[in-house]
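Visitor: One structure is given below, represented as structure tokens, and several questions about it will come after.
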Amino acid sequence: MEAVRNRLAECSQEAHELYLNQSVPYLDGPPESLQFHRDWIAPNKPCIIRNAFSHWPALAKWSPDYLRQKVGSKVISVAVTPNGYADAVNGDRFVMPEERQMSFSSVLDIIEGKVDKGGGVFYVQRQCSNLLQELPELTADVEPHIAWMSTALGKLPDAVNFWLGEANAITSMHKDHYENLYCVVSGEKHFTLMPPTDRPFIPYGLYQPAVYHQRDDGEFEVIDQSDSEMVPWIPLDPLNPDLERYPQYRRARPLHCSVKSGEMLYLPSLWFHHVQQSHGCIAVNFWYDMDYDIKYNYFQLLEALCEVTRST
């Protein structure tokens with residue numbers, strides 16, 4: 001099995017040397033659909049696109065005062081955690097946030113520090129097309145889809161999500177089966193990215209699912225979801241990796257990039273990513289379902305080989 005591990009490592013190295021960039025490239029404007037598919041979607045490479053949504057009214061309008069006026073009393077779903085990590089491994093549990101129903105104004109008051117939040121980190125991050133489902137009042141300020149991306153893929157997005165949170169709201173390392181266009185309206189998002197070919201160096205475990213719950217005394221407890229199946233997740237924090245426990249991670253080659261207001265990140269399907277943000281960052285992202293083609297089959301083979309070598 002050691003020979004298989006070494007060959008997997010060689011494949012990752014070849015990918016980095018032959019076609020992957022050492023940093024995330026920038027495009028100066030929205031591309032032509034065919035060119036974008038050829039240069040970025042087909043080779044499964046990320047890029048940051050400037051001036052891709054400079055025409056959105058949201059860039060000029062989405063101040064706290066405007067948002068209060070438009071949707072202040074609207075009740076939305078908010079994720080609350082004790083440490084900012086939603087959907088993340090904590091000890092031997094995969095812990096999901098407490099979901100609260102709050103008015104949009106209340107969330108803004110917390111993020112702006114106008115009220116005592118009573119502990120916890122608050123993050124609007126429900127990934128179920130929450131912009132369309134919970135905040136339709138804001139949809140006129142953005143586009144329903146990105147036309148050149150929809151043409152390149154021959155489909156419309158599966159979901160359009162709205163993100164707003166505190167600076168210490170963090171998305172743990174994971175991957176998605178989506179082609180993702182992530183548009184930062186205000187603030188900054190800080191991404192750690194790793195390509196699918198780095199999968200041999202990224203540890204996975206199976207964890208009992210649980211949820212956070214804040215008690216009346218302000219302390220958080222973890223409540224098991226005993227009727228749910230075990231969840232496969234990445235226990236490693238790329239900002240502070242435990243290299244003694246996960247020595248293979250030394251061979252990974254993460255890319256780091258910051259996406260600023262008015263910039264769009266193309267995050268290809270199956271890329272591993274970890275996300276931080278600046279205080280009060282607002283973003284909208286478009287999830288397009290990936291094509292389950294030969295690329296997906298190759299990744300499934302890679303996953304299987306990693307599992308085989310891990311268990312021996």
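Within each chain, counting starts at residue 1; across the structure tokens, chains are named A, B, ... in the order shown, with ligands numbered 1 upward in that order.
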Compile a residue-level contact table for range 109-176 of chain A against range 227-247 of chain A at a cut-off of 12 Å, reporting for every qualifying residue the shortest atom pair and its distance in Å to one decimal, with only C-alpha atoms counted, rows ordered by chain and ascending number, as CSV.
Guide:
```
residue,atom,partner,partner_atom,distance
A:Ile170,CA,A:Asp237,CA,10.8
A:Thr171,CA,A:Asp237,CA,10.3
A:Ser172,CA,A:Asp237,CA,7.3
A:Met173,CA,A:Ile234,CA,6.4
A:His174,CA,A:Ile234,CA,6.7
A:Lys175,CA,A:Ile234,CA,9.7
```
Visitor: Can you check which residues of range 12-55 of chain A DSSP gives as alpha helix (DSSP H) on the backbone and send them as number ranges by chain?
Guide: A: 12-18, 33-36
Visitor: Name all residues at most 6 Å from range 20-29 of chain A (count only C-alpha atoms; drop same-chain ones fewer than 4 positions away) and give them as a list in words.
Guide: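 My reading of the contact set: His16, Cys47, Ile48, Ile49, Arg50, Asn51, Ala52 and Leu255 of chain A.
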Visitor: One decimal, Å: what's the distance from CA of Trp62 in chain A over to CA of Pro268 in chain A, could you say?
Guide: 27.3 Å
Visitor: I'd like the interatomic distance between CA of Pro196 in chain A and CA of Trp271 in chain A, to a tenth of an Å.
Guide: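 Value for the CA of Pro196 in chain A-CA of Trp271 in chain A distance: 5.3 Å.
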Visitor: Please identify all polymer residues within 10 Å of Glu32 in chain A, counting only C-alpha atoms, omitting same-chain residues fewer than 6 positions from it, and present them as a CSV table (one decimal) with all heavy atoms, in the first residue's frame.
Guide:
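Saved result, out.csv, follows:
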```
chain,number,residue,atom,x,y,z
A,148,TRP,N,-23.3,34.7,-18.3
A,148,TRP,CA,-22.2,34.0,-19.1
A,148,TRP,C,-21.9,32.7,-18.4
A,148,TRP,O,-21.5,31.7,-19.1
A,148,TRP,CB,-21.0,34.9,-19.2
A,148,TRP,CG,-20.5,35.5,-17.9
A,148,TRP,CD1,-20.8,36.7,-17.4
A,148,TRP,CD2,-19.7,34.9,-16.9
A,148,TRP,NE1,-20.2,37.0,-16.2
A,148,TRP,CE2,-19.5,35.8,-15.8
A,148,TRP,CE3,-19.0,33.7,-16.8
A,148,TRP,CZ2,-18.7,35.6,-14.7
A,148,TRP,CZ3,-18.2,33.4,-15.7
A,148,TRP,CH2,-18.1,34.3,-14.6
A,149,MET,N,-22.1,32.5,-17.1
A,149,MET,CA,-21.9,31.2,-16.5
A,149,MET,C,-23.0,30.3,-16.8
A,149,MET,O,-22.8,29.1,-17.1
A,149,MET,CB,-21.8,31.4,-15.0
A,149,MET,CG,-21.5,30.1,-14.2
A,149,MET,SD,-19.8,29.5,-14.7
A,149,MET,CE,-19.4,28.5,-13.2
A,151,THR,N,-24.7,30.2,-19.5
A,151,THR,CA,-24.5,29.8,-20.9
A,151,THR,C,-23.4,28.8,-21.0
A,151,THR,O,-23.5,27.8,-21.7
A,151,THR,CB,-24.2,31.0,-21.8
A,151,THR,OG1,-25.3,31.9,-21.7
A,151,THR,CG2,-24.0,30.6,-23.2
A,152,ALA,N,-22.3,29.1,-20.2
A,152,ALA,CA,-21.2,28.1,-20.3
A,152,ALA,C,-21.5,26.7,-19.8
A,152,ALA,O,-21.1,25.7,-20.3
A,152,ALA,CB,-20.0,28.7,-19.4
```
Visitor: Need to verify the contact set: range 293-301 of chain A, 10 Å, only C-alpha atoms, exclusion of same-chain residues closer than 3 positions in sequence. Can you return it as a list of chain:residue names?
Guide: A:Ala42, A:Pro43, A:Asn44, A:His177, A:Pro196, A:Thr197, A:Arg199, A:Ser269, A:Leu270, A:Met290, A:Ala304, A:Leu305, A:Cys306, A:Glu307
Visitor: A:Leu138, A:Cys128, A:Ala169, A:Val75: which is nearest Trp287 in chain A, counting only C-alpha atoms?
Guide: A:Cys128
Visitor: Just the strand (DSSP E) stuff from range 68-208 of chain A, please, per backbone DSSP, written as JSON, numbers by chain.
Guide: {"A": [75, 76, 77, 78, 79, 80, 81, 85, 86, 88, 89, 90, 93, 94, 95, 96, 98, 99, 100, 101, 102, 103, 121, 122, 123, 124, 159, 160, 161, 162, 163, 164, 165, 170, 171, 172, 173, 174, 178, 179, 180, 181, 182, 183, 184, 185, 186, 188, 189, 190, 191, 192, 193, 194, 205, 206, 207, 208]}
Visitor: At a cut-off of 12 Å, using only C-alpha atoms, what residues contact range 97-101 of chain A? Leave out same-chain residues fewer than 3 positions from it and give the result as a VMD selection string.
Guide: chain A and resid 73 to 90 94 104 to 107 120 to 126 134 169 to 171 209 to 215 220 to 223
